file entry-v1.csv (CSV, C-alpha atoms and all ligand atoms)
chain,number,residue,atom,x,y,z
A,1,MET,CA,2.9,-0.3,-22.8
A,2,VAL,CA,4.3,-2.3,-25.6
A,3,GLU,CA,2.1,-1.8,-28.7
A,4,THR,CA,2.7,-3.9,-31.8
A,5,HIS,CA,0.4,-5.1,-34.5
A,6,LEU,CA,0.7,-8.6,-33.2
A,7,GLU,CA,-1.4,-7.4,-30.2
A,8,ASN,CA,-4.3,-6.6,-32.4
A,9,VAL,CA,-4.7,-10.3,-32.7
A,10,SER,CA,-7.1,-11.5,-30.0
A,11,PHE,CA,-6.5,-15.2,-30.4
A,12,ASN,CA,-4.0,-15.8,-27.7
A,13,ILE,CA,-4.5,-14.0,-24.4
A,14,GLU,CA,-1.9,-16.1,-22.7
A,15,ARG,CA,0.7,-15.1,-25.2
A,16,LEU,CA,-0.1,-11.4,-24.7
A,17,LYS,CA,0.0,-11.7,-20.9
A,18,GLU,CA,3.3,-13.5,-21.2
A,19,SER,CA,4.8,-10.8,-23.4
A,20,LYS,CA,3.7,-8.0,-21.1
A,21,ALA,CA,5.8,-9.5,-18.4
A,22,TYR,CA,8.9,-8.5,-20.4
A,23,ASP,CA,8.0,-4.9,-20.8
A,24,PRO,CA,9.7,-2.7,-22.2
A,25,LEU,CA,11.0,-5.4,-24.6
A,26,LYS,CA,9.0,-5.6,-27.8
A,27,LEU,CA,7.1,-8.5,-29.2
A,28,ALA,CA,8.3,-9.7,-32.6
A,29,ARG,CA,7.9,-12.8,-34.7
A,30,VAL,CA,10.8,-14.8,-36.3
A,31,ILE,CA,10.2,-15.0,-40.1
A,32,ASN,CA,13.6,-16.4,-41.1
A,33,GLN,CA,16.6,-18.0,-39.5
A,34,GLN,CA,19.9,-18.8,-41.1
A,35,ARG,CA,23.2,-19.6,-39.4
A,36,GLY,CA,22.5,-17.5,-36.4
A,37,ILE,CA,21.0,-14.6,-38.3
A,38,TYR,CA,17.4,-13.9,-37.7
A,39,LEU,CA,14.8,-11.9,-39.5
A,40,VAL,CA,12.0,-10.7,-37.3
A,41,ASP,CA,8.7,-8.9,-38.0
A,42,LEU,CA,8.4,-6.1,-35.6
A,43,ASP,CA,5.4,-3.8,-36.2
A,44,HIS,CA,5.3,-5.0,-39.9
A,45,GLU,CA,8.9,-4.0,-40.4
A,46,ILE,CA,11.4,-6.7,-41.3
A,47,ILE,CA,14.6,-6.4,-39.4
A,48,HIS,CA,17.7,-8.4,-38.7
A,49,ALA,CA,18.2,-9.7,-35.2
A,50,LYS,CA,20.5,-11.9,-33.2
A,51,VAL,CA,20.2,-13.7,-29.9
A,52,SER,CA,21.5,-12.3,-26.7
A,53,GLY,CA,24.8,-13.5,-25.3
A,54,LYS,CA,23.0,-14.9,-22.4
A,55,MET,CA,20.7,-16.9,-24.6
A,56,MET,CA,23.6,-18.2,-26.6
A,57,HIS,CA,25.5,-19.1,-23.5
A,58,GLN,CA,22.6,-20.9,-21.8
A,59,ALA,CA,21.4,-22.9,-24.8
A,60,THR,CA,21.9,-26.6,-24.6
A,61,ASP,CA,20.2,-27.7,-27.8
A,62,VAL,CA,18.4,-26.5,-30.9
A,63,MET,CA,15.2,-26.1,-29.0
A,64,ASP,CA,16.7,-23.2,-27.0
A,65,PHE,CA,17.2,-21.1,-30.1
A,66,PRO,CA,14.5,-19.2,-31.9
A,67,SER,CA,12.9,-20.8,-35.0
A,68,VAL,CA,10.6,-19.5,-37.7
A,69,GLY,CA,7.3,-18.9,-36.1
A,70,ASP,CA,8.6,-18.1,-32.7
A,71,TYR,CA,7.2,-15.1,-30.8
A,72,VAL,CA,10.2,-13.4,-29.3
A,73,MET,CA,10.9,-10.5,-27.0
A,74,VAL,CA,13.4,-8.1,-28.5
A,75,GLU,CA,15.4,-5.1,-27.5
A,76,GLN,CA,15.8,-2.6,-30.3
A,77,ASN,CA,18.9,-0.5,-30.2
A,78,GLN,CA,20.2,2.0,-32.7
A,79,ASP,CA,22.0,-0.6,-34.9
A,80,THR,CA,21.1,-3.9,-33.4
A,81,THR,CA,18.1,-5.9,-32.4
A,82,ILE,CA,18.6,-8.5,-29.7
A,83,ILE,CA,16.4,-11.4,-29.0
A,84,HIS,CA,16.2,-11.9,-25.3
A,85,HIS,CA,13.3,-14.4,-24.8
A,86,ILE,CA,11.3,-16.9,-26.7
A,87,LEU,CA,7.6,-17.1,-25.7
A,88,LYS,CA,6.0,-20.4,-24.8
A,89,ARG,CA,5.4,-22.4,-28.0
A,90,ASN,CA,2.0,-23.9,-28.6
A,91,SER,CA,3.4,-26.3,-31.2
A,92,ILE,CA,6.7,-27.5,-32.5
A,93,LEU,CA,7.1,-29.1,-35.9
A,94,GLU,CA,10.4,-31.0,-35.9
A,95,ARG,CA,12.2,-33.4,-38.0
A,96,LYS,CA,14.5,-36.1,-36.7
A,97,SER,CA,17.4,-36.9,-39.0
A,98,ALA,CA,17.7,-40.5,-39.8
A,99,GLY,CA,19.4,-42.6,-37.2
A,100,LYS,CA,20.4,-39.7,-35.0
A,101,THR,CA,17.5,-38.8,-32.6
A,102,ALA,CA,19.7,-36.3,-30.8
A,103,ASP,CA,19.9,-34.3,-34.0
A,104,ALA,CA,16.4,-33.1,-34.1
A,105,GLN,CA,15.8,-30.1,-36.3
A,106,VAL,CA,13.1,-27.6,-35.5
A,107,ILE,CA,11.2,-26.8,-38.7
A,108,ALA,CA,8.8,-24.2,-37.4
A,109,THR,CA,6.9,-23.4,-34.3
A,110,ASN,CA,3.5,-21.9,-33.2
A,111,ILE,CA,1.6,-23.5,-36.1
A,112,ASP,CA,-2.1,-23.7,-35.3
A,113,TYR,CA,-3.1,-25.7,-38.4
A,114,ILE,CA,-1.1,-28.0,-40.6
A,115,LEU,CA,-2.7,-28.2,-44.0
A,116,ILE,CA,-1.8,-31.6,-45.4
A,117,CYS,CA,-2.1,-31.3,-49.1
A,118,MET,CA,-2.7,-34.3,-51.3
A,119,SER,CA,-3.7,-34.4,-54.9
A,120,LEU,CA,-6.8,-36.3,-55.7
A,121,ASN,CA,-5.3,-37.7,-58.9
A,122,GLU,CA,-1.6,-38.4,-59.2
A,123,ASN,CA,0.7,-39.4,-56.4
A,124,PHE,CA,-2.1,-40.4,-54.1
A,125,SER,CA,-1.1,-42.4,-51.1
A,126,LEU,CA,-3.1,-43.2,-48.0
A,127,ARG,CA,-0.1,-44.4,-46.2
A,128,ARG,CA,1.7,-41.1,-46.7
A,129,LEU,CA,-1.4,-39.3,-45.6
A,130,GLU,CA,-1.5,-41.3,-42.4
A,131,ARG,CA,2.2,-40.5,-41.9
A,132,TYR,CA,1.6,-36.8,-42.3
A,133,LEU,CA,-1.4,-37.0,-39.9
A,134,SER,CA,0.7,-38.5,-37.2
A,135,ILE,CA,3.6,-35.9,-37.7
A,136,SER,CA,0.9,-33.2,-37.4
A,137,TRP,CA,-0.7,-34.5,-34.3
A,138,MET,CA,2.7,-35.0,-32.7
A,139,SER,CA,3.6,-31.4,-33.4
A,140,GLY,CA,0.7,-30.0,-31.4
A,141,ALA,CA,-0.9,-28.4,-34.4
A,142,ILE,CA,-4.3,-29.4,-35.8
A,143,PRO,CA,-4.1,-31.2,-39.1
A,144,VAL,CA,-6.6,-30.4,-41.9
A,145,ILE,CA,-6.6,-32.6,-45.0
A,146,VAL,CA,-6.6,-30.4,-48.1
A,147,LEU,CA,-7.3,-32.4,-51.3
A,148,THR,CA,-6.2,-30.6,-54.4
A,149,LYS,CA,-6.9,-30.9,-58.1
A,150,PHE,CA,-10.5,-31.9,-57.7
A,151,ASP,CA,-10.9,-31.0,-61.4
A,152,LEU,CA,-8.8,-34.1,-62.2
A,153,TYR,CA,-10.6,-36.4,-59.8
A,154,ASN,CA,-11.8,-39.7,-61.2
A,155,PRO,CA,-14.6,-40.9,-58.9
A,156,ALA,CA,-14.0,-44.5,-60.0
A,157,THR,CA,-10.8,-44.5,-58.0
A,158,ARG,CA,-12.9,-43.8,-54.8
A,159,ASN,CA,-9.9,-41.8,-53.5
A,160,LEU,CA,-12.3,-39.4,-51.7
A,161,GLU,CA,-13.9,-42.2,-49.7
A,162,LEU,CA,-10.5,-43.7,-48.9
A,163,VAL,CA,-9.4,-40.4,-47.5
A,164,TYR,CA,-12.5,-40.2,-45.2
A,165,SER,CA,-11.7,-43.7,-44.0
A,166,VAL,CA,-8.3,-42.7,-42.6
A,167,SER,CA,-9.0,-39.0,-41.7
A,168,SER,CA,-9.9,-39.9,-38.0
A,169,GLY,CA,-10.8,-36.5,-36.6
A,170,ALA,CA,-9.2,-34.3,-39.2
A,171,ASP,CA,-11.4,-32.1,-41.4
A,172,VAL,CA,-11.3,-32.8,-45.1
A,173,ILE,CA,-11.4,-29.9,-47.5
A,174,ILE,CA,-11.7,-30.2,-51.3
A,175,THR,CA,-10.0,-27.6,-53.5
A,176,SER,CA,-9.4,-27.0,-57.2
A,177,GLU,CA,-7.6,-24.2,-59.0
A,178,LEU,CA,-10.0,-24.6,-61.9
A,179,ILE,CA,-13.5,-25.6,-60.8
A,180,GLU,CA,-15.8,-25.2,-57.9
A,181,PRO,CA,-15.4,-25.2,-54.9
A,182,TYR,CA,-12.0,-23.5,-55.9
A,183,TYR,CA,-10.5,-22.4,-52.6
A,184,ASN,CA,-13.8,-21.2,-51.1
A,185,GLU,CA,-14.0,-24.1,-48.6
A,186,LEU,CA,-10.4,-23.7,-47.6
A,187,GLU,CA,-10.8,-19.9,-47.0
A,188,THR,CA,-13.5,-20.6,-44.4
A,189,ILE,CA,-10.9,-22.1,-42.1
A,190,ILE,CA,-8.3,-19.4,-42.6
A,191,LYS,CA,-8.8,-17.2,-39.6
A,192,LYS,CA,-7.2,-13.9,-38.6
A,193,GLY,CA,-4.2,-14.3,-36.3
A,194,MET,CA,-3.9,-18.0,-36.8
A,195,THR,CA,-0.8,-19.6,-38.3
A,196,TYR,CA,-0.9,-22.2,-41.0
A,197,ALA,CA,1.7,-24.5,-42.6
A,198,LEU,CA,1.4,-26.6,-45.7
A,199,ILE,CA,3.0,-30.0,-46.2
A,200,GLY,CA,2.7,-32.5,-48.9
A,201,SER,CA,4.5,-34.0,-51.9
A,202,SER,CA,6.1,-31.9,-54.6
A,203,GLY,CA,3.7,-30.7,-57.2
A,204,VAL,CA,0.4,-31.2,-55.4
A,205,GLY,CA,-0.3,-27.5,-55.5
A,206,LYS,CA,1.0,-26.0,-52.3
A,207,SER,CA,2.5,-22.9,-53.9
A,208,THR,CA,-0.7,-22.4,-55.9
A,209,ILE,CA,-2.7,-22.3,-52.6
A,210,ILE,CA,-0.2,-20.0,-50.9
A,211,ASN,CA,-0.2,-17.6,-53.8
A,212,HIS,CA,-3.9,-17.6,-53.8
A,213,LEU,CA,-4.2,-16.9,-50.0
A,214,ILE,CA,-1.4,-14.3,-50.0
A,215,GLY,CA,-2.2,-12.5,-53.3
A,216,THR,CA,0.8,-10.3,-53.4
A,217,ARG,CA,3.5,-12.8,-52.6
A,218,VAL,CA,5.8,-12.2,-55.5
A,219,THR,CA,6.7,-8.7,-54.3
A,220,GLU,CA,7.3,-10.1,-50.8
A,221,THR,CA,9.9,-12.7,-51.6
A,222,LYS,CA,12.7,-10.3,-52.5
A,223,ASP,CA,16.0,-11.4,-51.0
A,224,ILE,CA,17.6,-9.5,-48.3
A,225,GLY,CA,21.3,-9.7,-48.5
A,226,TYR,CA,23.4,-9.7,-45.3
A,227,LYS,CA,27.1,-9.7,-45.0
A,228,ASP,CA,28.4,-12.1,-42.4
A,229,ARG,CA,32.1,-12.8,-42.1
A,230,GLY,CA,32.6,-12.1,-45.7
A,231,ARG,CA,29.9,-14.4,-46.7
A,232,HIS,CA,26.8,-13.3,-48.5
A,233,VAL,CA,23.8,-14.8,-46.9
A,234,THR,CA,20.5,-14.5,-48.6
A,235,THR,CA,17.5,-14.5,-46.4
A,236,SER,CA,13.9,-14.0,-47.3
A,237,ARG,CA,10.6,-14.2,-45.6
A,238,GLU,CA,9.4,-17.6,-44.7
A,239,LEU,CA,6.4,-16.5,-42.8
A,240,PHE,CA,3.7,-14.6,-44.8
A,241,GLU,CA,0.7,-12.6,-43.9
A,242,THR,CA,-2.5,-13.3,-45.9
A,243,LYS,CA,-5.1,-10.8,-47.0
A,244,GLU,CA,-7.1,-11.8,-44.0
A,245,HIS,CA,-4.2,-11.3,-41.5
A,246,ALA,CA,-3.6,-15.0,-41.0
A,247,TYR,CA,0.0,-16.3,-41.2
A,248,ILE,CA,1.5,-18.9,-43.5
A,249,ILE,CA,4.8,-20.6,-42.9
A,250,ASP,CA,6.6,-21.8,-46.0
A,251,THR,CA,10.2,-22.8,-45.4
A,252,PRO,CA,12.6,-25.1,-47.3
A,253,GLY,CA,12.5,-27.4,-44.3
A,254,MET,CA,8.8,-27.6,-44.6
A,255,ARG,CA,9.1,-28.5,-48.2
A,256,GLU,CA,11.6,-31.2,-47.4
A,257,LEU,CA,9.5,-32.6,-44.6
A,258,GLN,CA,8.6,-35.6,-46.7
A,259,LEU,CA,9.6,-39.1,-46.1
A,260,ASP,CA,12.9,-40.3,-44.8
A,261,ASP,CA,14.5,-43.6,-44.1
A,262,VAL,CA,13.1,-43.8,-40.6
A,263,ASP,CA,9.5,-43.3,-41.8
A,264,LEU,CA,10.0,-45.9,-44.5
A,265,ALA,CA,11.4,-48.4,-42.1
A,266,SER,CA,8.6,-47.9,-39.5
A,267,THR,CA,5.7,-47.9,-42.0
A,268,PHE,CA,7.0,-51.0,-43.8
A,269,ASP,CA,8.8,-52.8,-41.0
A,270,ASP,CA,7.3,-56.1,-42.1
A,271,ILE,CA,8.7,-55.8,-45.6
A,272,GLU,CA,12.0,-54.5,-44.4
A,273,ALA,CA,12.3,-57.4,-42.0
A,274,LEU,CA,11.4,-60.0,-44.6
A,275,GLY,CA,13.9,-58.4,-47.0
A,276,LYS,CA,16.7,-59.0,-44.6
A,277,SER,CA,16.4,-62.8,-45.1
A,278,CYS,CA,16.1,-62.7,-48.9
A,279,LYS,CA,18.8,-64.8,-50.6
A,280,PHE,CA,20.4,-61.7,-52.2
A,281,ASN,CA,21.4,-58.7,-50.3
A,282,ASP,CA,20.3,-56.3,-53.0
A,283,CYS,CA,17.1,-58.2,-53.7
A,284,LYS,CA,14.5,-56.0,-55.5
A,285,HIS,CA,11.7,-58.4,-54.5
A,286,GLU,CA,10.7,-58.9,-58.1
A,287,LYS,CA,11.6,-62.3,-59.5
A,288,GLU,CA,14.7,-63.2,-57.6
A,289,PRO,CA,15.1,-66.8,-56.3
A,290,GLY,CA,14.9,-67.0,-52.5
A,291,CYS,CA,13.0,-63.8,-52.1
A,292,LYS,CA,11.2,-63.9,-48.8
A,293,VAL,CA,9.0,-61.0,-49.7
A,294,ILE,CA,7.5,-62.7,-52.8
A,295,GLU,CA,7.1,-65.8,-50.7
A,296,ALA,CA,5.2,-63.9,-48.1
A,297,ILE,CA,2.9,-62.5,-50.9
A,298,GLN,CA,2.3,-66.1,-52.2
A,299,ASN,CA,1.4,-67.2,-48.6
A,300,GLY,CA,-1.0,-64.3,-48.2
A,301,ILE,CA,1.0,-62.7,-45.4
A,302,ILE,CA,1.4,-59.4,-47.1
A,303,THR,CA,-0.5,-58.0,-50.1
A,304,LYS,CA,0.8,-57.2,-53.6
A,305,GLU,CA,-0.5,-53.7,-53.1
A,306,ARG,CA,1.5,-53.2,-50.0
A,307,LEU,CA,4.7,-54.2,-51.8
A,308,LYS,CA,3.7,-51.8,-54.6
A,309,SER,CA,3.3,-48.8,-52.2
A,310,TYR,CA,6.5,-49.7,-50.5
A,311,LYS,CA,8.3,-49.6,-53.9
A,312,THR,CA,6.6,-46.3,-54.8
A,313,LEU,CA,7.8,-44.8,-51.5
A,314,LEU,CA,11.3,-46.0,-52.1
A,315,LYS,CA,11.4,-44.4,-55.5
A,316,GLU,CA,9.9,-41.2,-54.1
A,317,TYR,CA,12.5,-41.1,-51.4
A,318,ALA,CA,15.3,-41.6,-53.9
A,319,TYR,CA,14.0,-38.8,-55.9
A,320,GLN,CA,13.7,-36.5,-52.9
A,321,LYS,CA,17.2,-37.3,-51.9
A,322,ARG,CA,18.5,-36.4,-55.3
A,323,ARG,CA,16.6,-33.1,-55.3
A,324,GLN,CA,17.9,-32.3,-51.8
A,325,LYS,CA,21.4,-32.9,-52.9
A,326,GLN,CA,21.0,-30.6,-55.9
A,327,LYS,CA,19.6,-27.9,-53.7
A,328,GLU,CA,22.5,-28.2,-51.3
A,329,ARG,CA,25.0,-28.0,-54.1
A,330,LYS,CA,23.3,-24.9,-55.4
A,331,LEU,CA,23.4,-23.3,-51.9
A,332,MET,CA,27.0,-24.2,-51.5
A,333,LYS,CA,27.8,-22.5,-54.8
A,334,ALA,CA,25.7,-19.5,-53.9
A,335,SER,CA,27.5,-19.0,-50.6
A,336,LYS,CA,31.0,-19.2,-52.1
B,1,LIG,N1,-5.5,-29.2,-62.8
B,1,LIG,C1,-5.0,-28.6,-61.6
B,1,LIG,N2,-3.7,-28.3,-61.6
B,1,LIG,C2,-3.3,-27.7,-60.4
B,1,LIG,C3,-4.2,-27.4,-59.4
B,1,LIG,N3,-3.5,-26.8,-58.4
B,1,LIG,C4,-2.2,-26.7,-58.8
B,1,LIG,N4,-2.1,-27.2,-60.1
B,1,LIG,C5,-0.9,-27.2,-60.9
B,1,LIG,O1,0.0,-28.2,-60.4
B,1,LIG,C6,1.4,-27.7,-60.6
B,1,LIG,C7,2.2,-27.8,-59.4
B,1,LIG,O2,1.6,-26.8,-58.5
B,1,LIG,P1,2.5,-26.1,-57.3
B,1,LIG,O3,1.6,-25.2,-56.6
B,1,LIG,O4,3.7,-25.6,-57.9
B,1,LIG,O5,2.9,-27.4,-56.4
B,1,LIG,P2,3.8,-27.4,-55.1
B,1,LIG,O6,3.1,-28.4,-54.2
B,1,LIG,O7,4.0,-26.1,-54.6
B,1,LIG,O8,5.1,-28.1,-55.6
B,1,LIG,P3,6.6,-27.9,-55.0
B,1,LIG,O9,7.0,-26.5,-55.1
B,1,LIG,O10,7.5,-28.8,-55.8
B,1,LIG,O11,6.6,-28.4,-53.6
B,1,LIG,C8,1.2,-26.4,-61.3
B,1,LIG,O12,1.4,-26.5,-62.7
B,1,LIG,C9,-0.2,-25.9,-60.9
B,1,LIG,O13,-0.7,-25.0,-61.9
B,1,LIG,C10,-5.6,-27.8,-59.5
B,1,LIG,O14,-6.4,-27.6,-58.6
B,1,LIG,N5,-5.9,-28.4,-60.7
B,2,ZN,ZN,13.4,-60.2,-52.0
call {"tool": "encode", "arguments": {"input": "entry-v1.csv", "output": "structure tokens"}}
result
Amino acid sequence: MVETHLENVSFNIERLKESKAYDPLKLARVINQQRGIYLVDLDHEIIHAKVSGKMMHQATDVMDFPSVGDYVMVEQNQDTTIIHHILKRNSILERKSAGKTADAQVIATNIDYILICMSLNENFSLRRLERYLSISWMSGAIPVIVLTKFDLYNPATRNLELVYSVSSGADVIITSELIEPYYNELETIIKKGMTYALIGSSGVGKSTIINHLIGTRVTETKDIGYKDRGRHVTTSRELFETKEHAYIIDTPGMRELQLDDVDLASTFDDIEALGKSCKFNDCKHEKEPGCKVIEAIQNGIITKERLKSYKTLLKEYAYQKRRQKQKERKLMKASK
């Protein structure tokens, strides 16, 4: 019998059955993955692991390798832990890099609920919310809309009503760090054994929520150094356990799962198409002569507001790109 703490969780009988078939291998969960080095949680112990030669050999794309969130069957030897199998995934959150569909990147797996966080005051965008909703439904997880900063909510904006109008089937939860209902409503959906991931723009309060749910996170995020071909690789936990024994995935990839070119082009394909026939290639669609976008607004084909949200998204995207570049540079420096 393989006994691990993951088995105390009664939520997925199928998964347990599947794992039993690999007896005497042990059931573990991937909590970090970096350049072929994995960290797994095995009986509440964090250990390094690597994939078996067979898995490596048979893999044809990224999907065949373990990702954060995967339940895996491992063999624990004296000084190595080998991952032999990945259990069936019930959801896969992936990101396709712009232009290259073949280059999909798995962000995390086995997420039961995606908490789409959006602030009720600044940076509010229904279109972004719709985009996040579709990403979530596509992953196989259940989206929940978590509205943050209720203390800063101005009812005159009617943002709450607007959210309900696009939520289509997703639960809407209101939170605030400072006033009622605080995180009480959110806590009612955090269930033992379930896995949650938070997505949303920078600054909406994701870390604040995670810290609240985990409580002791600060002590958990210590880096675990690992020497690999002379390089120092820092790996830390990207999957946390809450006080209530639920799991929360928080990876850099999740944080970067914001908007990219592809999203922008598909959400605003009308504006992008019009823009191609503007007189100037670099038309900003402001006051330039021969601007087809402005013309379309004048003819009532698109609204001013739509152009405004398009521009906001463009700015946001440029900002994210800069931030990502900075992070990459930092990482490069760190790994030298
Ligand atoms: N007024 C108010 N401020 C909040 C609330 N929740 C979070 N904040 C503040 O908003 C700021 C950003 O919060 P974070 O939790 O760091 O946001 P984040 O989404 O994790 O941001 P990134 O790490 O950049 O992705 C912090 O100063 C928080 O204290 C809230 O409910 N009300
Ligand atoms: Zn133009």
call {"tool": "residues_around", "arguments": {"input": "entry-v1.csv", "residues": "Thr148 of chain A", "least_positions_apart": "3", "cutoff": "6 Å", "atoms": "all atoms listed in the file", "output": "PyMOL selection string"}}
result
chain A and resi 118-120+175-176
call {"tool": "atom_distance", "arguments": {"input": "entry-v1.csv", "atom1": "atom CA of Leu152 of chain A", "atom2": "atom CA of Ile135 of chain A"}}
result
27.5 Å
call {"tool": "closest_residue", "arguments": {"input": "entry-v1.csv", "among": "A:Glu75, A:Glu295, A:Glu272, A:Asp171", "to": "Tyr22 of chain A", "atoms": "only C-alpha atoms"}}
result
A:Glu75
call {"tool": "residues_near_ligand", "arguments": {"input": "entry-v1.csv", "ligand": "ligand ZN 2 (chain B)", "cutoff": "9 Å", "atoms": "all atoms listed in the file", "output": "PyMOL selection string"}}
result
chain A and resi 274-295
call {"tool": "residues_around", "arguments": {"input": "entry-v1.csv", "residues": "Ile173 of chain A", "least_positions_apart": "4", "cutoff": "9 Å", "atoms": "all atoms listed in the file", "output": "list in words"}}
result
Val144, Ile145, Val146, Leu147, Thr148, Glu185 and Leu186 of chain A
call {"tool": "closest_residue", "arguments": {"input": "entry-v1.csv", "among": "A:Glu94, A:Asn12, A:Val72, A:His57", "to": "Lys26 of chain A", "atoms": "all atoms listed in the file"}}
result
A:Val72
